[in-house]
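Just upload-v8.csv here, CSV, N, CA and C atoms:
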chain,number,residue,atom,x,y,z
K,16,LEU,N,0.8,-1.2,0.0
K,16,LEU,CA,0.0,0.0,0.0
K,16,LEU,C,0.9,1.3,0.0
K,17,LEU,N,1.9,1.3,0.8
K,17,LEU,CA,2.8,2.4,0.9
K,17,LEU,C,3.5,2.7,-0.4
K,18,TYR,N,3.9,1.6,-1.1
K,18,TYR,CA,4.6,1.7,-2.4
K,18,TYR,C,3.6,2.3,-3.4
K,19,SER,N,2.4,1.9,-3.4
K,19,SER,CA,1.4,2.4,-4.4
K,19,SER,C,1.2,3.9,-4.1
K,20,MET,N,1.2,4.3,-2.9
K,20,MET,CA,1.0,5.7,-2.5
K,20,MET,C,2.2,6.5,-3.0
K,21,SER,N,3.4,6.0,-2.9
K,21,SER,CA,4.6,6.7,-3.3
K,21,SER,C,4.6,6.8,-4.9
K,22,VAL,N,4.1,5.8,-5.6
K,22,VAL,CA,3.9,5.9,-7.0
K,22,VAL,C,3.0,7.1,-7.4
K,23,LEU,N,1.9,7.1,-6.7
K,23,LEU,CA,1.0,8.2,-7.0
K,23,LEU,C,1.6,9.6,-6.7
K,24,TYR,N,2.3,9.7,-5.6
K,24,TYR,CA,2.9,11.0,-5.3
K,24,TYR,C,4.0,11.4,-6.3
K,25,ARG,N,4.7,10.4,-6.8
K,25,ARG,CA,5.7,10.7,-7.8
K,25,ARG,C,5.1,11.2,-9.1
K,26,LEU,N,4.0,10.5,-9.4
K,26,LEU,CA,3.2,10.9,-10.6
K,26,LEU,C,2.6,12.3,-10.5
K,27,PHE,N,2.1,12.6,-9.3
K,27,PHE,CA,1.6,14.0,-9.1
K,27,PHE,C,2.7,15.0,-9.1
K,28,ALA,N,3.8,14.7,-8.6
K,28,ALA,CA,5.0,15.6,-8.7
K,28,ALA,C,5.4,15.9,-10.1
K,29,MET,N,5.4,14.8,-10.9
K,29,MET,CA,5.8,15.0,-12.3
K,29,MET,C,4.8,15.9,-13.0
K,30,ILE,N,3.5,15.7,-12.8
K,30,ILE,CA,2.4,16.5,-13.4
K,30,ILE,C,2.6,17.9,-12.9
K,31,GLU,N,2.8,18.2,-11.6
K,31,GLU,CA,2.9,19.5,-11.1
K,31,GLU,C,4.1,20.3,-11.7
K,32,ARG,N,5.3,19.6,-11.9
K,32,ARG,CA,6.4,20.2,-12.6
K,32,ARG,C,6.1,20.6,-14.0
K,33,GLU,N,5.4,19.8,-14.7
K,33,GLU,CA,5.0,20.1,-16.1
K,33,GLU,C,4.0,21.3,-16.1
K,34,THR,N,3.1,21.3,-15.1
K,34,THR,CA,2.1,22.4,-15.1
K,34,THR,C,2.8,23.7,-14.8
K,35,GLN,N,3.8,23.7,-13.9
K,35,GLN,CA,4.5,25.0,-13.6
K,35,GLN,C,5.2,25.5,-14.8
K,36,ASP,N,5.8,24.7,-15.6
K,36,ASP,CA,6.5,25.1,-16.8
K,36,ASP,C,5.5,25.6,-17.9
K,37,ASP,N,4.3,24.9,-17.9
K,37,ASP,CA,3.4,25.2,-19.0
K,37,ASP,C,2.5,26.4,-18.7
K,38,GLU,N,2.3,26.8,-17.5
K,38,GLU,CA,1.3,27.8,-17.2
K,38,GLU,C,1.7,29.1,-17.8
K,39,SER,N,2.9,29.4,-18.0
K,39,SER,CA,3.3,30.7,-18.6
K,39,SER,C,3.1,30.7,-20.1
K,40,ASN,N,2.7,29.5,-20.7
K,40,ASN,CA,2.6,29.4,-22.1
K,40,ASN,C,1.2,29.7,-22.6
K,41,GLU,N,1.0,30.5,-23.5
K,41,GLU,CA,-0.3,30.9,-24.0
K,41,GLU,C,-1.0,29.7,-24.6
K,42,ALA,N,-0.3,28.8,-25.3
K,42,ALA,CA,-1.0,27.7,-25.9
K,42,ALA,C,-1.6,26.8,-24.8
K,43,TYR,N,-0.8,26.7,-23.7
K,43,TYR,CA,-1.3,25.9,-22.6
K,43,TYR,C,-2.6,26.4,-22.0
K,44,ARG,N,-2.7,27.7,-21.9
K,44,ARG,CA,-3.9,28.4,-21.3
K,44,ARG,C,-5.1,28.1,-22.2
K,45,CYS,N,-4.9,28.0,-23.5
K,45,CYS,CA,-6.0,27.7,-24.4
K,45,CYS,C,-6.6,26.4,-24.2
K,46,ILE,N,-5.8,25.4,-23.9
K,46,ILE,CA,-6.3,24.0,-23.7
K,46,ILE,C,-6.1,23.5,-22.3
K,47,GLU,N,-5.9,24.4,-21.4
K,47,GLU,CA,-5.7,24.0,-20.0
K,47,GLU,C,-6.7,23.1,-19.4
K,48,SER,N,-8.0,23.4,-19.6
K,48,SER,CA,-9.1,22.6,-19.0
K,48,SER,C,-9.0,21.2,-19.5
K,49,ALA,N,-8.7,21.0,-20.8
K,49,ALA,CA,-8.6,19.6,-21.4
K,49,ALA,C,-7.3,18.9,-20.8
K,50,ILE,N,-6.2,19.6,-20.6
K,50,ILE,CA,-5.0,19.0,-20.0
K,50,ILE,C,-5.3,18.6,-18.6
K,51,LYS,N,-6.0,19.4,-17.8
K,51,LYS,CA,-6.3,19.0,-16.5
K,51,LYS,C,-7.2,17.8,-16.4
K,52,TYR,N,-8.2,17.8,-17.3
K,52,TYR,CA,-9.0,16.6,-17.4
K,52,TYR,C,-8.3,15.4,-17.8
K,53,LEU,N,-7.4,15.5,-18.8
K,53,LEU,CA,-6.5,14.4,-19.2
K,53,LEU,C,-5.7,13.8,-18.1
K,54,ARG,N,-5.1,14.7,-17.3
K,54,ARG,CA,-4.3,14.2,-16.2
K,54,ARG,C,-5.1,13.6,-15.1
K,55,ALA,N,-6.4,14.0,-14.9
K,55,ALA,CA,-7.2,13.4,-13.9
K,55,ALA,C,-7.9,12.1,-14.4
K,56,HIS,N,-8.0,11.9,-15.7
K,56,HIS,CA,-8.7,10.8,-16.3
K,56,HIS,C,-7.9,9.9,-17.2
K,57,PHE,N,-6.6,10.0,-17.2
K,57,PHE,CA,-5.8,9.2,-18.2
K,57,PHE,C,-5.9,7.7,-18.1
K,58,THR,N,-6.4,7.3,-16.9
K,58,THR,CA,-6.5,5.8,-16.7
K,58,THR,C,-7.9,5.3,-17.2
K,59,GLU,N,-8.7,6.1,-17.7
K,59,GLU,CA,-10.0,5.7,-18.2
K,59,GLU,C,-9.9,5.2,-19.6
K,60,SER,N,-10.2,4.0,-19.9
K,60,SER,CA,-10.0,3.4,-21.2
K,60,SER,C,-10.8,4.1,-22.3
K,61,ASP,N,-11.9,4.8,-22.0
K,61,ASP,CA,-12.7,5.5,-23.0
K,61,ASP,C,-12.3,7.0,-23.2
K,62,LEU,N,-11.2,7.4,-22.6
K,62,LEU,CA,-10.7,8.8,-22.8
K,62,LEU,C,-10.4,8.9,-24.3
K,63,SER,N,-10.8,10.0,-24.9
K,63,SER,CA,-10.5,10.2,-26.4
K,63,SER,C,-10.1,11.6,-26.6
K,64,VAL,N,-9.4,11.8,-27.7
K,64,VAL,CA,-9.0,13.2,-28.1
K,64,VAL,C,-10.2,14.0,-28.5
K,65,ALA,N,-11.2,13.4,-29.0
K,65,ALA,CA,-12.4,14.1,-29.3
K,65,ALA,C,-13.0,14.7,-28.1
K,66,GLU,N,-13.0,14.0,-27.0
K,66,GLU,CA,-13.5,14.5,-25.7
K,66,GLU,C,-12.7,15.6,-25.2
K,67,LEU,N,-11.4,15.5,-25.3
K,67,LEU,CA,-10.5,16.6,-24.9
K,67,LEU,C,-10.7,17.9,-25.7
K,68,CYS,N,-10.9,17.7,-27.0
K,68,CYS,CA,-11.2,18.9,-27.9
K,68,CYS,C,-12.5,19.5,-27.4
K,69,ARG,N,-13.5,18.7,-27.1
K,69,ARG,CA,-14.8,19.3,-26.7
K,69,ARG,C,-14.6,20.1,-25.4
K,70,ILE,N,-13.9,19.5,-24.5
K,70,ILE,CA,-13.6,20.2,-23.2
K,70,ILE,C,-12.9,21.5,-23.4
K,71,ALA,N,-11.9,21.5,-24.3
K,71,ALA,CA,-11.1,22.7,-24.6
K,71,ALA,C,-11.9,23.7,-25.4
K,72,GLY,N,-12.9,23.2,-26.1
K,72,GLY,CA,-13.7,24.1,-27.0
K,72,GLY,C,-13.0,24.5,-28.3
K,73,VAL,N,-12.2,23.6,-28.8
K,73,VAL,CA,-11.4,23.9,-30.0
K,73,VAL,C,-11.6,22.7,-30.9
K,74,SER,N,-11.2,22.9,-32.2
K,74,SER,CA,-11.3,21.9,-33.2
K,74,SER,C,-10.2,20.8,-32.9
K,75,ASP,N,-10.4,19.7,-33.5
K,75,ASP,CA,-9.4,18.6,-33.4
K,75,ASP,C,-8.0,19.0,-33.9
K,76,THR,N,-8.0,19.6,-35.0
K,76,THR,CA,-6.8,20.0,-35.7
K,76,THR,C,-6.0,21.0,-34.8
K,77,TYR,N,-6.8,22.0,-34.3
K,77,TYR,CA,-6.2,23.1,-33.5
K,77,TYR,C,-5.7,22.5,-32.2
K,78,PHE,N,-6.5,21.6,-31.6
K,78,PHE,CA,-6.0,21.0,-30.3
K,78,PHE,C,-4.8,20.2,-30.5
K,79,ARG,N,-4.7,19.4,-31.5
K,79,ARG,CA,-3.5,18.6,-31.8
K,79,ARG,C,-2.3,19.5,-32.0
K,80,LYS,N,-2.5,20.6,-32.7
K,80,LYS,CA,-1.4,21.6,-33.0
K,80,LYS,C,-0.9,22.2,-31.7
K,81,LEU,N,-1.8,22.7,-30.9
K,81,LEU,CA,-1.4,23.3,-29.6
K,81,LEU,C,-0.7,22.2,-28.7
K,82,PHE,N,-1.3,21.0,-28.6
K,82,PHE,CA,-0.8,20.0,-27.8
K,82,PHE,C,0.7,19.6,-28.2
K,83,PHE,N,0.9,19.5,-29.5
K,83,PHE,CA,2.2,19.2,-30.0
K,83,PHE,C,3.2,20.3,-29.7
K,84,HIS,N,2.7,21.5,-29.8
K,84,HIS,CA,3.6,22.7,-29.5
K,84,HIS,C,4.0,22.7,-28.1
K,85,ILE,N,3.2,22.3,-27.2
K,85,ILE,CA,3.5,22.2,-25.8
K,85,ILE,C,4.3,21.0,-25.4
K,86,TYR,N,4.0,19.8,-25.8
K,86,TYR,CA,4.6,18.6,-25.4
K,86,TYR,C,5.5,17.9,-26.4
K,87,ALA,N,5.5,18.4,-27.6
K,87,ALA,CA,6.3,17.8,-28.7
K,87,ALA,C,6.0,16.3,-28.9
K,88,THR,N,4.7,16.0,-28.7
K,88,THR,CA,4.2,14.7,-29.0
K,88,THR,C,2.7,14.8,-29.3
K,89,THR,N,2.2,13.7,-29.7
K,89,THR,CA,0.7,13.7,-30.0
K,89,THR,C,0.0,13.4,-28.7
K,90,PRO,N,-1.3,13.8,-28.6
K,90,PRO,CA,-2.1,13.5,-27.4
K,90,PRO,C,-2.2,12.0,-27.1
K,91,LEU,N,-2.4,11.2,-28.1
K,91,LEU,CA,-2.5,9.7,-27.9
K,91,LEU,C,-1.1,9.2,-27.4
K,92,LYS,N,0.0,9.6,-27.9
K,92,LYS,CA,1.3,9.1,-27.4
K,92,LYS,C,1.5,9.6,-26.0
K,93,TYR,N,1.1,10.8,-25.7
K,93,TYR,CA,1.2,11.3,-24.3
K,93,TYR,C,0.4,10.5,-23.3
K,94,ILE,N,-0.8,10.2,-23.7
K,94,ILE,CA,-1.7,9.4,-22.8
K,94,ILE,C,-1.1,8.0,-22.7
K,95,SER,N,-0.7,7.4,-23.8
K,95,SER,CA,-0.1,6.1,-23.7
K,95,SER,C,1.2,6.1,-22.8
K,96,ASP,N,2.0,7.1,-22.9
K,96,ASP,CA,3.2,7.2,-22.1
K,96,ASP,C,2.9,7.3,-20.6
K,97,MET,N,1.9,8.1,-20.3
K,97,MET,CA,1.5,8.2,-18.9
K,97,MET,C,1.0,6.9,-18.4
K,98,ARG,N,0.2,6.2,-19.2
K,98,ARG,CA,-0.4,4.9,-18.8
K,98,ARG,C,0.8,3.9,-18.6
K,99,LEU,N,1.7,3.9,-19.5
K,99,LEU,CA,2.8,2.9,-19.4
K,99,LEU,C,3.7,3.2,-18.2
K,100,ALA,N,3.9,4.5,-17.9
K,100,ALA,CA,4.8,4.9,-16.8
K,100,ALA,C,4.1,4.4,-15.5
K,101,LEU,N,2.8,4.6,-15.4
K,101,LEU,CA,2.0,4.1,-14.2
K,101,LEU,C,2.1,2.6,-14.2
K,102,GLY,N,1.9,2.0,-15.3
K,102,GLY,CA,2.0,0.5,-15.4
K,102,GLY,C,3.3,0.0,-14.9
K,103,ALA,N,4.4,0.6,-15.3
K,103,ALA,CA,5.7,0.2,-14.9
K,103,ALA,C,5.9,0.3,-13.4
K,104,GLU,N,5.4,1.4,-12.8
K,104,GLU,CA,5.4,1.5,-11.3
K,104,GLU,C,4.6,0.5,-10.6
K,105,LEU,N,3.4,0.2,-11.1
K,105,LEU,CA,2.5,-0.8,-10.5
K,105,LEU,C,3.1,-2.2,-10.6
K,106,LEU,N,3.8,-2.5,-11.7
K,106,LEU,CA,4.4,-3.8,-11.9
K,106,LEU,C,5.6,-3.9,-10.9
K,107,ARG,N,6.3,-2.8,-10.8
K,107,ARG,CA,7.5,-2.8,-9.8
K,107,ARG,C,7.0,-3.1,-8.4
K,108,SER,N,5.8,-2.6,-8.1
K,108,SER,CA,5.3,-2.8,-6.7
K,108,SER,C,5.2,-4.2,-6.3
K,109,GLY,N,4.9,-5.1,-7.4
K,109,GLY,CA,4.7,-6.5,-7.1
K,109,GLY,C,3.3,-6.9,-6.6
K,110,TYR,N,2.5,-5.9,-6.4
K,110,TYR,CA,1.1,-6.1,-5.8
K,110,TYR,C,0.1,-6.5,-6.8
K,111,TYR,N,0.4,-6.3,-8.1
K,111,TYR,CA,-0.7,-6.5,-9.1
K,111,TYR,C,-0.1,-7.4,-10.2
K,112,GLY,N,-1.0,-8.2,-10.8
K,112,GLY,CA,-0.7,-9.0,-12.0
K,112,GLY,C,-0.8,-8.1,-13.2
K,113,VAL,N,-0.4,-8.7,-14.3
K,113,VAL,CA,-0.4,-7.9,-15.6
K,113,VAL,C,-1.8,-7.5,-16.0
K,114,GLU,N,-2.8,-8.4,-15.8
K,114,GLU,CA,-4.1,-8.0,-16.2
K,114,GLU,C,-4.7,-6.9,-15.3
K,115,GLN,N,-4.4,-6.9,-14.0
K,115,GLN,CA,-4.8,-5.9,-13.1
K,115,GLN,C,-4.2,-4.5,-13.5
K,116,VAL,N,-2.9,-4.6,-13.8
K,116,VAL,CA,-2.2,-3.4,-14.1
K,116,VAL,C,-2.7,-2.8,-15.4
K,117,ALA,N,-3.0,-3.6,-16.4
K,117,ALA,CA,-3.5,-3.1,-17.7
K,117,ALA,C,-4.8,-2.4,-17.4
K,118,GLN,N,-5.7,-3.0,-16.6
K,118,GLN,CA,-7.0,-2.4,-16.3
K,118,GLN,C,-6.8,-1.1,-15.5
K,119,LYS,N,-6.0,-1.1,-14.5
K,119,LYS,CA,-5.8,0.1,-13.7
K,119,LYS,C,-5.2,1.3,-14.5
K,120,CYS,N,-4.5,1.0,-15.6
K,120,CYS,CA,-3.8,2.0,-16.4
K,120,CYS,C,-4.7,2.4,-17.6
K,121,GLY,N,-5.8,1.8,-17.8
K,121,GLY,CA,-6.7,2.3,-18.8
K,121,GLY,C,-6.6,1.5,-20.1
K,122,PHE,N,-6.0,0.4,-20.1
K,122,PHE,CA,-5.9,-0.5,-21.3
K,122,PHE,C,-7.0,-1.5,-21.2
K,123,ALA,N,-7.9,-1.5,-22.1
K,123,ALA,CA,-9.1,-2.4,-22.1
K,123,ALA,C,-8.7,-3.9,-22.4
K,124,ASP,N,-7.6,-4.0,-23.1
K,124,ASP,CA,-7.1,-5.4,-23.5
K,124,ASP,C,-5.7,-5.6,-22.9
K,125,PRO,N,-5.6,-6.6,-22.0
K,125,PRO,CA,-4.3,-6.9,-21.4
K,125,PRO,C,-3.2,-7.3,-22.5
K,126,LYS,N,-3.7,-8.0,-23.5
K,126,LYS,CA,-2.7,-8.4,-24.6
K,126,LYS,C,-2.1,-7.1,-25.3
K,127,TYR,N,-3.0,-6.2,-25.5
K,127,TYR,CA,-2.5,-4.9,-26.2
K,127,TYR,C,-1.6,-4.2,-25.2
K,128,PHE,N,-1.9,-4.2,-23.9
K,128,PHE,CA,-1.0,-3.5,-23.0
K,128,PHE,C,0.3,-4.2,-23.0
K,129,SER,N,0.4,-5.5,-23.0
K,129,SER,CA,1.6,-6.3,-23.0
K,129,SER,C,2.4,-5.9,-24.3
K,130,CYS,N,1.8,-5.8,-25.4
K,130,CYS,CA,2.4,-5.5,-26.7
K,130,CYS,C,3.0,-4.1,-26.7
K,131,VAL,N,2.3,-3.1,-26.2
K,131,VAL,CA,2.7,-1.7,-26.1
K,131,VAL,C,3.8,-1.6,-25.1
K,132,PHE,N,3.7,-2.3,-24.0
K,132,PHE,CA,4.7,-2.2,-22.9
K,132,PHE,C,6.0,-2.8,-23.4
K,133,LYS,N,5.9,-3.9,-24.1
K,133,LYS,CA,7.2,-4.6,-24.6
K,133,LYS,C,7.9,-3.7,-25.6
K,134,LYS,N,7.1,-3.0,-26.4
K,134,LYS,CA,7.7,-2.1,-27.4
K,134,LYS,C,8.4,-1.0,-26.7
K,135,LYS,N,7.9,-0.4,-25.7
K,135,LYS,CA,8.5,0.7,-25.0
K,135,LYS,C,9.7,0.3,-24.1
K,136,TYR,N,9.5,-0.8,-23.3
K,136,TYR,CA,10.5,-1.2,-22.3
K,136,TYR,C,11.3,-2.4,-22.7
K,137,HIS,N,11.1,-2.9,-23.9
K,137,HIS,CA,11.9,-4.0,-24.5
K,137,HIS,C,11.9,-5.3,-23.6
K,138,CYS,N,10.9,-5.5,-22.9
K,138,CYS,CA,10.6,-6.8,-22.2
K,138,CYS,C,9.2,-6.8,-21.9
K,139,SER,N,8.7,-8.0,-21.6
K,139,SER,CA,7.3,-8.2,-21.3
K,139,SER,C,7.0,-7.7,-19.9
K,140,PRO,N,5.7,-7.4,-19.7
K,140,PRO,CA,5.4,-6.9,-18.3
K,140,PRO,C,5.7,-8.0,-17.2
K,141,SER,N,5.5,-9.2,-17.6
K,141,SER,CA,5.8,-10.3,-16.6
K,141,SER,C,7.3,-10.3,-16.3
K,142,MET,N,8.1,-10.1,-17.3
K,142,MET,CA,9.6,-10.1,-17.1
K,142,MET,C,10.0,-8.9,-16.3
K,143,PHE,N,9.4,-7.8,-16.6
K,143,PHE,CA,9.7,-6.5,-16.0
K,143,PHE,C,9.4,-6.6,-14.5
K,144,ARG,N,8.4,-7.3,-14.1
K,144,ARG,CA,8.1,-7.5,-12.7
K,144,ARG,C,9.2,-8.1,-11.9
K,145,THR,N,10.0,-9.0,-12.6
K,145,THR,CA,11.0,-9.7,-11.9
K,145,THR,C,12.4,-9.0,-11.9
K,146,LEU,N,12.5,-7.9,-12.7
K,146,LEU,CA,13.8,-7.2,-12.8
K,146,LEU,C,14.0,-6.4,-11.5
What is this file in structure tokens?
Amino acid sequence: LLYSMSVLYRLFAMIERETQDDESNEAYRCIESAIKYLRAHFTESDLSVAELCRIAGVSDTYFRKLFFHIYATTPLKYISDMRLALGAELLRSGYYGVEQVAQKCGFADPKYFSCVFKKKYHCSPSMFRTL
């Protein structure tokens, strides 16, 4: 339980650092509500870029342009990276199996989670747990 709490606090600290850097940026202010929503709901498997655009009140194209300007990546890649970082921490904790981690991180399909995880970390989630 304590390890899981420390994972969350580290994730919150990472998000806070990014927010402090971004708040002075005009592009960030334009889509700030959507970014805050994304950070609060990134583990929900039904989170979509269309929903983020609706929250920000901008078109899909403009949202993606602003998002890329701020983070130098696409919204989907950013969401995936956040989910995978959380997944890695949860796997390290040893408290959860691969299927549980996939679900907690917003991946509807554990097999897809394993595939994406392996591509990023160059080992399977099961193997990552034992490292």
Q: Identify which of the residues K:Ala55, K:Ile46, K:Met142, K:Cys130 lies closest to Met97 of chain K, counting only C-alpha atoms when measuring atom-to-atom distances.
A: K:Ala55
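Shortest separation to Tyr110 of chain K among K:Glu59, K:Arg98, K:Ser19, K:Phe78 occurs at residue K:Ser19, atoms counted being only C-alpha atoms.
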Q: Choose the residue, out of K:Gly121, K:Asp61, K:Arg44, K:Tyr24, that has the smallest atom-to-atom separation from Leu99 of chain K; count all atoms listed in the file.
A: K:Gly121
Q. Any idea what's packed within 8 Å of Ser108 of chain K, counting only N, CA and C atoms, ignoring anything in its chain fewer than 3 positions away? Could you give it as an MDAnalysis selection string?
A. chainID K and resid 18:19 102:105 111 144
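Closest approach to Leu67 of chain K among K:Lys126, K:Leu53, K:Glu41, K:Lys80: K:Leu53, based on only N, CA and C atoms.
A straight line drawn from atom CA of Phe57 of chain K to atom CA of Ile94 of chain K is 6.2 Å long.
Note that atom C of Lys51 of chain K and atom CA of Leu106 of chain K are 24.9 Å apart.
One finds atom CA of Tyr136 of chain K at 28.9 Å from atom N of Cys68 of chain K.
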Q. Near Leu91 of chain K, within 10 Å and counting only C-alpha atoms, which residues show up once chain neighbours fewer than 6 positions away are dropped, as a PyMOL selection string?
A. chain K and resi 62-64+79+97
Q: Taking the DSSP assignment computed from this structure's backbone, write out as a ChimeraX atom specification all residues of chain K that belong to helix (DSSP H, G or I).
A: /K:17-37,41-56,64-71,75-86,90-108,113-119,125-136,140-145
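Closest approach to Glu66 of chain K among K:Ser21, K:Ser129, K:Phe82, K:Ala49: K:Ala49, based on only C-alpha atoms.
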